[in-house]
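Visitor: Dropping in entry.txt, with compact mmCIF, C-alpha atoms.
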```
# COMPACT_ATOMS: atom_id res chain seq x y z
CA MET T 1 -117.03 -128.67 -62.25
CA SER T 2 -116.34 -132.08 -63.73
CA ALA T 3 -113.88 -134.92 -63.27
CA HIS T 4 -113.43 -138.12 -65.22
CA THR T 5 -113.09 -140.12 -61.98
CA LEU T 6 -114.06 -139.19 -58.43
CA VAL T 7 -112.08 -140.96 -55.69
CA PHE T 8 -113.65 -141.21 -52.24
CA GLY T 9 -111.29 -141.62 -49.28
CA ASP T 10 -108.09 -139.60 -48.90
CA GLY T 11 -105.99 -142.23 -47.15
CA TRP T 12 -102.85 -144.00 -48.39
CA LEU T 13 -104.58 -145.86 -51.22
CA GLY T 14 -107.10 -143.19 -52.12
CA ARG T 15 -104.39 -140.61 -52.72
CA GLN T 16 -102.48 -143.03 -54.92
CA PHE T 17 -105.57 -143.84 -57.00
CA ALA T 18 -106.19 -140.12 -57.49
CA GLU T 19 -102.59 -139.61 -58.62
CA ARG T 20 -102.75 -142.41 -61.19
CA LEU T 21 -106.23 -142.14 -62.70
CA PRO T 22 -106.40 -139.62 -65.57
CA GLY T 23 -108.53 -136.61 -64.71
CA ALA T 24 -109.22 -137.86 -61.18
CA GLN T 25 -110.41 -135.76 -58.27
CA LEU T 26 -110.11 -136.72 -54.59
CA THR T 27 -112.98 -136.06 -52.19
CA GLN T 28 -113.41 -136.36 -48.43
CA THR T 29 -117.21 -136.54 -48.66
CA ASP T 30 -118.70 -138.98 -46.14
CA VAL T 31 -119.68 -142.04 -48.19
CA ALA T 32 -122.38 -142.98 -45.68
CA ASP T 33 -124.14 -139.59 -46.00
CA GLU T 34 -126.68 -140.21 -48.76
CA TYR T 35 -127.51 -136.53 -49.25
CA ALA T 36 -123.87 -135.42 -49.38
CA VAL T 37 -122.96 -138.23 -51.81
CA SER T 38 -125.83 -137.35 -54.14
CA GLU T 39 -124.90 -133.66 -54.11
CA GLU T 40 -121.26 -134.47 -54.85
CA LEU T 41 -122.05 -136.80 -57.74
CA ASP T 42 -124.54 -134.39 -59.28
CA ALA T 43 -122.11 -131.47 -58.98
CA ILE T 44 -119.02 -133.28 -60.31
CA LYS T 45 -120.78 -135.59 -62.77
CA PRO T 46 -117.94 -138.15 -62.93
CA ARG T 47 -117.86 -140.96 -65.45
CA ALA T 48 -116.41 -143.29 -62.81
CA VAL T 49 -116.14 -143.48 -59.03
CA VAL T 50 -113.57 -145.31 -56.89
CA ASN T 51 -114.24 -145.93 -53.21
CA CYS T 52 -111.19 -146.20 -50.96
CA ALA T 53 -112.99 -144.98 -47.83
CA GLY T 54 -113.44 -147.35 -44.91
CA ARG T 55 -112.12 -148.34 -41.53
CA THR T 56 -109.10 -150.61 -41.11
CA GLY T 57 -108.38 -149.60 -37.53
CA SER T 58 -105.49 -147.84 -35.84
CA PRO T 59 -102.96 -149.20 -35.17
CA ASN T 60 -104.72 -152.36 -36.45
CA ILE T 61 -108.12 -154.01 -36.80
CA ASP T 62 -108.31 -154.80 -33.06
CA SER T 63 -109.40 -151.21 -32.45
CA LEU T 64 -112.56 -151.77 -34.49
CA GLU T 65 -113.95 -154.41 -32.14
CA ASP T 66 -115.25 -151.81 -29.67
CA ASP T 67 -117.06 -149.75 -32.32
CA PRO T 68 -119.31 -152.01 -34.40
CA GLY T 69 -121.68 -149.16 -35.24
CA GLY T 70 -118.97 -146.94 -36.65
CA THR T 71 -117.30 -149.83 -38.45
CA TYR T 72 -120.48 -150.99 -40.16
CA ARG T 73 -121.36 -147.40 -41.05
CA SER T 74 -118.03 -146.88 -42.81
CA ASN T 75 -117.44 -150.35 -44.24
CA VAL T 76 -120.98 -151.43 -45.10
CA ALA T 77 -123.44 -148.53 -45.17
CA GLY T 78 -120.96 -146.25 -46.96
CA PRO T 79 -120.22 -148.59 -49.89
CA ILE T 80 -123.95 -149.39 -50.26
CA VAL T 81 -124.93 -145.70 -50.28
CA LEU T 82 -122.20 -144.84 -52.78
CA GLY T 83 -122.77 -147.92 -54.95
CA SER T 84 -126.52 -147.33 -55.06
CA ALA T 85 -126.07 -143.66 -55.99
CA CYS T 86 -123.65 -144.59 -58.79
CA ARG T 87 -125.93 -147.31 -60.13
CA ALA T 88 -128.87 -144.88 -60.24
CA ARG T 89 -126.76 -142.49 -62.32
CA ASP T 90 -125.09 -145.12 -64.53
CA ILE T 91 -121.66 -144.23 -63.10
CA HIS T 92 -119.11 -147.05 -63.13
CA PHE T 93 -118.33 -147.88 -59.50
CA THR T 94 -115.12 -149.47 -58.18
CA HIS T 95 -114.81 -150.53 -54.55
CA LEU T 96 -111.58 -151.47 -52.83
CA GLY T 97 -112.44 -154.70 -51.05
CA SER T 98 -110.50 -157.25 -49.04
CA GLY T 99 -109.48 -160.87 -49.40
CA CYS T 100 -109.25 -161.18 -45.60
CA ILE T 101 -112.53 -163.11 -45.56
CA TYR T 102 -110.95 -166.53 -46.01
CA GLU T 103 -108.83 -168.91 -44.00
CA GLY T 104 -106.63 -171.59 -45.57
CA ASP T 105 -105.57 -172.30 -49.14
CA GLY T 106 -108.85 -173.29 -50.75
CA GLY T 107 -107.88 -176.91 -51.11
CA GLY T 108 -104.51 -175.99 -52.61
CA ALA T 109 -105.86 -173.92 -55.50
CA GLY T 110 -106.50 -170.73 -53.56
CA PHE T 111 -109.93 -169.24 -52.99
CA ALA T 112 -111.64 -168.08 -56.18
CA GLU T 113 -113.83 -165.00 -56.45
CA GLU T 114 -117.04 -167.02 -56.24
CA ASP T 115 -116.05 -169.15 -53.24
CA PRO T 116 -118.15 -168.31 -50.16
CA PRO T 117 -116.20 -166.64 -47.33
CA ASN T 118 -115.13 -168.98 -44.53
CA PHE T 119 -113.51 -166.53 -42.08
CA ASP T 120 -115.45 -164.23 -39.75
CA GLY T 121 -113.02 -164.01 -36.84
CA SER T 122 -112.95 -160.21 -36.72
CA LEU T 123 -115.43 -157.38 -36.99
CA TYR T 124 -113.36 -156.08 -39.90
CA ALA T 125 -113.79 -159.36 -41.82
CA ARG T 126 -117.52 -159.52 -41.10
CA SER T 127 -118.02 -155.96 -42.32
CA LYS T 128 -116.14 -156.75 -45.53
CA ILE T 129 -118.21 -159.88 -46.14
CA VAL T 130 -121.51 -158.01 -45.80
CA ALA T 131 -120.33 -155.19 -48.07
CA GLU T 132 -119.09 -157.58 -50.75
CA VAL T 133 -122.39 -159.44 -50.88
CA ALA T 134 -124.35 -156.20 -51.21
CA LEU T 135 -122.08 -154.75 -53.88
CA ARG T 136 -122.38 -157.90 -56.00
CA ASP T 137 -126.05 -156.97 -56.39
CA LEU T 138 -125.13 -153.38 -57.26
CA ASP T 139 -122.91 -154.38 -60.21
CA ALA T 140 -119.77 -152.92 -58.68
CA LEU T 141 -116.21 -153.69 -59.67
CA GLN T 142 -114.70 -155.04 -56.45
CA LEU T 143 -110.91 -155.20 -56.20
CA ARG T 144 -109.93 -157.58 -53.41
CA ILE T 145 -106.49 -156.75 -52.02
CA ARG T 146 -104.54 -158.47 -49.24
CA LEU T 147 -101.78 -157.26 -46.93
CA PRO T 148 -100.75 -154.40 -49.25
CA MET T 149 -97.07 -153.52 -49.48
CA ALA T 150 -95.18 -151.12 -51.72
CA SER T 151 -91.75 -149.72 -52.46
CA GLU T 152 -92.86 -146.48 -50.79
CA PRO T 153 -92.27 -146.52 -47.00
CA ALA T 154 -95.57 -145.73 -45.27
CA PRO T 155 -97.29 -146.66 -41.98
CA ARG T 156 -99.91 -148.79 -43.78
CA ASN T 157 -97.28 -150.62 -45.83
CA LEU T 158 -96.96 -154.27 -44.72
CA LEU T 159 -93.18 -154.19 -45.10
CA THR T 160 -92.97 -151.08 -42.91
CA LYS T 161 -95.03 -152.84 -40.25
CA LEU T 162 -93.04 -156.08 -40.35
CA LEU T 163 -89.69 -154.29 -40.06
CA ALA T 164 -90.87 -152.87 -36.73
CA PHE T 165 -91.83 -156.26 -35.25
CA ASP T 166 -89.53 -158.34 -33.06
CA GLU T 167 -91.40 -161.54 -33.93
CA VAL T 168 -93.49 -162.64 -36.91
CA VAL T 169 -95.43 -165.74 -37.93
CA SER T 170 -94.47 -168.07 -40.77
CA ILE T 171 -97.75 -168.70 -42.62
CA ALA T 172 -98.47 -168.70 -46.34
CA ASN T 173 -100.45 -165.64 -47.40
CA SER T 174 -101.45 -163.91 -50.59
CA VAL T 175 -100.21 -160.33 -50.79
CA THR T 176 -100.83 -157.31 -52.98
CA ILE T 177 -97.64 -155.57 -54.07
CA LEU T 178 -98.96 -152.17 -55.07
CA ASP T 179 -96.16 -151.56 -57.56
CA ASP T 180 -97.65 -154.49 -59.53
CA PHE T 181 -101.28 -153.72 -58.70
CA TRP T 182 -101.78 -150.38 -60.41
CA ALA T 183 -101.54 -151.46 -64.04
CA PRO T 184 -104.17 -154.26 -63.85
CA ALA T 185 -106.40 -152.26 -61.52
CA LEU T 186 -106.47 -149.23 -63.81
CA GLU T 187 -107.02 -151.50 -66.81
CA LEU T 188 -110.07 -153.10 -65.17
CA ILE T 189 -111.47 -149.64 -64.45
CA ALA T 190 -110.76 -148.51 -68.01
CA ARG T 191 -112.57 -151.62 -69.33
CA ARG T 192 -115.49 -150.81 -67.01
CA GLU T 193 -115.41 -154.35 -65.68
CA ARG T 194 -117.79 -155.53 -62.96
CA GLY T 195 -117.72 -158.26 -60.33
CA VAL T 196 -115.12 -159.40 -57.82
CA TRP T 197 -111.44 -159.72 -58.71
CA ASN T 198 -108.63 -161.13 -56.56
CA MET T 199 -105.88 -158.52 -56.94
CA VAL T 200 -102.89 -160.39 -55.53
CA ASN T 201 -99.51 -161.50 -56.79
CA ASP T 202 -99.00 -165.11 -57.81
CA GLY T 203 -97.49 -167.32 -55.13
CA ALA T 204 -97.32 -167.10 -51.34
CA GLU T 205 -95.55 -164.69 -49.02
CA TYR T 206 -94.20 -165.74 -45.61
CA HIS T 207 -93.37 -162.94 -43.17
CA ASP T 208 -90.22 -164.59 -41.83
CA ARG T 209 -88.91 -165.28 -45.33
CA LEU T 210 -89.60 -161.68 -46.32
CA LEU T 211 -87.59 -160.38 -43.37
CA ALA T 212 -84.83 -162.90 -44.09
CA LEU T 213 -84.69 -161.50 -47.63
CA TRP T 214 -84.46 -157.99 -46.17
CA ARG T 215 -81.58 -159.11 -43.99
CA GLU T 216 -79.85 -160.76 -46.94
CA ARG T 217 -80.19 -157.82 -49.35
CA VAL T 218 -80.28 -154.73 -47.14
CA ALA T 219 -79.55 -155.06 -43.42
CA PRO T 220 -77.37 -158.01 -42.32
CA ASP T 221 -77.81 -157.04 -38.66
CA HIS T 222 -81.63 -157.04 -38.76
CA GLU T 223 -82.90 -159.35 -36.03
CA PHE T 224 -86.31 -160.98 -35.66
CA GLY T 225 -87.85 -164.12 -34.24
CA THR T 226 -90.76 -166.32 -35.23
CA LEU T 227 -93.80 -167.34 -33.24
CA SER T 228 -96.73 -169.66 -33.85
CA ALA T 229 -100.13 -168.54 -35.02
CA GLU T 230 -101.53 -169.75 -31.69
CA ALA T 231 -99.07 -167.60 -29.74
CA LEU T 232 -99.88 -164.57 -31.85
CA GLU T 233 -103.60 -165.09 -31.46
CA GLY T 234 -103.17 -164.96 -27.68
CA ARG T 235 -101.82 -161.42 -28.00
CA LEU T 236 -104.65 -160.13 -30.18
CA VAL T 237 -108.25 -159.07 -29.64
CA ALA T 238 -109.48 -160.26 -33.03
CA ARG T 239 -108.31 -163.24 -35.06
CA ARG T 240 -106.36 -162.66 -38.26
CA SER T 241 -107.07 -164.11 -41.67
CA ASN T 242 -104.33 -166.21 -43.25
CA CYS T 243 -105.20 -167.35 -46.74
CA LEU T 244 -104.26 -167.85 -50.36
CA LEU T 245 -106.40 -166.43 -53.16
CA SER T 246 -106.67 -167.80 -56.69
CA THR T 247 -105.30 -165.63 -59.50
CA GLN T 248 -106.86 -167.70 -62.29
CA LYS T 249 -109.36 -164.97 -63.21
CA LEU T 250 -106.59 -162.38 -63.56
CA HIS T 251 -104.59 -164.77 -65.73
CA ALA T 252 -107.59 -165.41 -67.96
CA ALA T 253 -107.94 -161.65 -68.46
CA GLY T 254 -104.23 -161.26 -69.26
CA LEU T 255 -103.70 -159.14 -66.16
CA ALA T 256 -101.87 -161.41 -63.71
CA MET T 257 -99.37 -159.84 -61.32
CA PRO T 258 -95.78 -161.18 -61.05
CA HIS T 259 -94.95 -164.10 -58.78
CA VAL T 260 -93.77 -163.09 -55.32
CA ASP T 261 -90.43 -164.85 -55.88
CA GLU T 262 -89.74 -162.33 -58.64
CA ALA T 263 -91.52 -159.34 -57.14
CA LEU T 264 -90.31 -159.35 -53.52
CA PRO T 265 -86.56 -158.92 -54.19
CA ARG T 266 -87.35 -156.04 -56.53
CA LEU T 267 -89.69 -154.54 -53.93
CA ILE T 268 -87.11 -154.76 -51.16
CA ASP T 269 -84.39 -153.10 -53.23
CA ALA T 270 -86.72 -150.25 -54.23
CA TYR T 271 -88.00 -149.83 -50.68
CA ALA T 272 -84.46 -149.61 -49.31
CA ALA T 273 -83.51 -147.03 -51.95
CA ASN T 274 -86.59 -144.94 -51.17
CA GLN T 275 -85.95 -145.25 -47.46
CA SER T 276 -82.37 -144.02 -47.90
CA ALA T 277 -83.57 -141.06 -49.97
CA MET T 278 -86.02 -139.89 -47.30
CA PRO T 279 -84.95 -136.80 -45.33
CA GLY T 280 -83.74 -137.45 -41.82
CA PRO T 281 -85.57 -136.31 -38.67
```
Output the file's structure as structure tokens, nothing else.

Guide:
Amino acid sequence: MSAHTLVFGDGWLGRQFAERLPGAQLTQTDVADEYAVSEELDAIKPRAVVNCAGRTGSPNIDSLEDDPGGTYRSNVAGPIVLGSACRARDIHFTHLGSGCIYEGDGGGAGFAEEDPPNFDGSLYARSKIVAEVALRDLDALQLRIRLPMASEPAPRNLLTKLLAFDEVVSIANSVTILDDFWAPALELIARRERGVWNMVNDGAEYHDRLLALWRERVAPDHEFGTLSAEALEGRLVARRSNCLLSTQKLHAAGLAMPHVDEALPRLIDAYAANQSAMPGP
């Protein structure tokens, strides 16, 4: 049996990678099980591997705080085991990372790929920091995403989450609109690039402005309120990262994603159309 690309992790993003990568195969093999990973790689003999496995928590990252062992096993040990096995076999390895390891706007320019992390307010963030450092030494291609949203309604979709909230914060954040993400991500994999890449749209997203745009374009009766970051923090177990990432590296490679001012209206219209087309209960 052979596959051009083997995708680990059968969640929302893993399934979409498997659908879009030519000749891809999806696997549920435990990435932290060194023996199982080696057997899988030797049996399939892929040219490339993409890792989308890992813990993000359910319903959110707060749930990870009580299970540091399981979180580090999935988010740190797993990527290291898989990355090491791929490196030993000269298999190109892509890891889906996170930009939620920063706080602020990087002095106005956004945080670049080589800037040291400055946010460790959650177990999730700390696990992502440790994994990223290790995978730099393993020559992995690391795709940092942030607050992913897409035109497809789904529980993990940021827009789906925000539409269910009565109150949201108004803070500038980088976001990854998946409809814009796939082309540059697949191109980086095809080029067999290495290193860390900030995979976010140009510009900043504000949750209250996004919902106001939803109300303007789709649902005039949609109601929501705003609250401060301090008030939100009082309701949470773990702190949340709010940050802007630099897209200069993507621009230099000719792979930049559209500005949010252009992308968000298009996203909302497509999301609403997809939502309307979904079968009722």

Visitor: Looking at all atoms listed in the file, which of T:Ala273, T:Leu255, T:Val169, T:Ala125 is the one that sits closest to Thr56 in chain T?

Guide: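 Once distances to Thr56 in chain T are computed over all atoms listed in the file, the minimum belongs to T:Ala125.
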
Visitor: For CA of Gln275 in chain T and CA of Leu178 in chain T, determine how far apart the two atoms are, in Å to one decimal place.

Guide: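 Distance between the two atoms: 16.6 Å.
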
Visitor: Counting all atoms listed in the file, what is within 10 Å of Glu114 in chain T, bar same-chain residues fewer than 2 positions away, as a list of chain:residue names?

Guide: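 Skipping anything fewer than 2 positions along the chain leaves T:Phe111, T:Ala112, T:Pro116, T:Pro117, T:Gly195, T:Val196, T:Trp197.
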
Visitor: Which one is closest to Ala229 in chain T: T:Tyr72, T:Ser170, T:Gly11, T:Leu123? Count all atoms listed in the file.

Guide: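 Smallest distance to Ala229 in chain T is found for T:Ser170.
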
Visitor: Please provide as a list in words all residues within 12 Å of Arg89 in chain T, with the sequence filter that same-chain residues fewer than 6 positions apart are discarded (counting all atoms listed in the file).

Guide: Val37, Ser38, Leu41, Asp42, Lys45, Pro46, Arg47, Ala48, Val49, Leu82 and Gly83 of chain T

Visitor: Find the residues with any atom within 12 Å of (-106.7, -162.5, -32.9); use all atoms listed in the file and the coordinates as given in the file, and write the answer as JSON, numbers by chain.

Guide: {"T": [60, 61, 62, 63, 65, 120, 121, 122, 123, 124, 125, 229, 230, 231, 232, 233, 234, 235, 236, 237, 238, 239, 240, 241, 242]}

Visitor: Take the selection from the previous step and output its residues with C-alpha atoms, as a JSON list (two decimals), keeping the file's coordinate frame.

Guide:
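Written output follows (selection_24.json):
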```
[["chain", "number", "residue", "atom", "x", "y", "z"],
["T", 60, "ASN", "CA", -104.72, -152.36, -36.45],
["T", 61, "ILE", "CA", -108.12, -154.01, -36.80],
["T", 62, "ASP", "CA", -108.31, -154.80, -33.06],
["T", 63, "SER", "CA", -109.40, -151.21, -32.45],
["T", 65, "GLU", "CA", -113.95, -154.41, -32.14],
["T", 120, "ASP", "CA", -115.45, -164.23, -39.75],
["T", 121, "GLY", "CA", -113.02, -164.01, -36.84],
["T", 122, "SER", "CA", -112.95, -160.21, -36.72],
["T", 123, "LEU", "CA", -115.43, -157.38, -36.99],
["T", 124, "TYR", "CA", -113.36, -156.08, -39.90],
["T", 125, "ALA", "CA", -113.79, -159.36, -41.82],
["T", 229, "ALA", "CA", -100.13, -168.54, -35.02],
["T", 230, "GLU", "CA", -101.53, -169.75, -31.69],
["T", 231, "ALA", "CA", -99.07, -167.60, -29.74],
["T", 232, "LEU", "CA", -99.88, -164.57, -31.85],
["T", 233, "GLU", "CA", -103.60, -165.09, -31.46],
["T", 234, "GLY", "CA", -103.17, -164.96, -27.68],
["T", 235, "ARG", "CA", -101.82, -161.42, -28.00],
["T", 236, "LEU", "CA", -104.65, -160.13, -30.18],
["T", 237, "VAL", "CA", -108.25, -159.07, -29.64],
["T", 238, "ALA", "CA", -109.48, -160.26, -33.03],
["T", 239, "ARG", "CA", -108.31, -163.24, -35.06],
["T", 240, "ARG", "CA", -106.36, -162.66, -38.26],
["T", 241, "SER", "CA", -107.07, -164.11, -41.67],
["T", 242, "ASN", "CA", -104.33, -166.21, -43.25]]
```

Visitor: Enter the distance from CA of Ala24 in chain T to CA of Glu132 in chain T, in Å, rounded to one decimal.

Guide: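 It comes out at 24.4 Å.
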
Visitor: I'd like the neighbourhood of Thr71 in chain T as number ranges by chain, where a residue qualifies if any of its atoms comes within 8 Å (using only C-alpha atoms), though same-chain residues fewer than 4 positions away should be ignored.

Guide: T: 54-55, 64, 67, 75-76, 123-124, 127

Visitor: Could you take the residues named above and write them with C-alpha atoms, as a tab-separated table (two decimals), in the frame of the given file?

Guide:
```tsv
chain	number	residue	atom	x	y	z
T	54	GLY	CA	-113.44	-147.35	-44.91
T	55	ARG	CA	-112.12	-148.34	-41.53
T	64	LEU	CA	-112.56	-151.77	-34.49
T	67	ASP	CA	-117.06	-149.75	-32.32
T	75	ASN	CA	-117.44	-150.35	-44.24
T	76	VAL	CA	-120.98	-151.43	-45.10
T	123	LEU	CA	-115.43	-157.38	-36.99
T	124	TYR	CA	-113.36	-156.08	-39.90
T	127	SER	CA	-118.02	-155.96	-42.32
```

Visitor: Please compute the CA of Ile101 in chain T-CA of Gly14 in chain T distance, one decimal, in Å.

Guide: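 Spanning CA of Ile101 in chain T to CA of Gly14 in chain T is a straight-line distance of 21.7 Å.
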
Visitor: At a cut-off of 6 Å, using all atoms listed in the file, what residues contact Ala172 in chain T? Leave out same-chain residues fewer than 5 positions from it and give the result as a list of chain:residue names.

Guide: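 Once the adjacent positions are removed, what remains is T:Ala204, T:Glu205, T:Tyr206.
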
Visitor: Could the residues in this selection be written to a file with C-alpha atoms, as a compact mmCIF listing (two decimals), in the coordinates of the input?

Guide:
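Output contents, as saved in out06.txt:
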```
# COMPACT_ATOMS: atom_id res chain seq x y z
CA ALA T 204 -97.32 -167.10 -51.34
CA GLU T 205 -95.55 -164.69 -49.02
CA TYR T 206 -94.20 -165.74 -45.61
```

Visitor: Give, as lines of an AutoDock Vina configuration file, the centre coordinates and the x, y and z edge lengths in Å to one decimal for an axis-aligned box around all listed atoms of range 242-259 of chain T, padded by 5 Å on each side.

Guide:
```
center_x = -102.2
center_y = -163.5
center_z = -56.3
size_x = 24.4
size_y = 18.7
size_z = 36.0
```
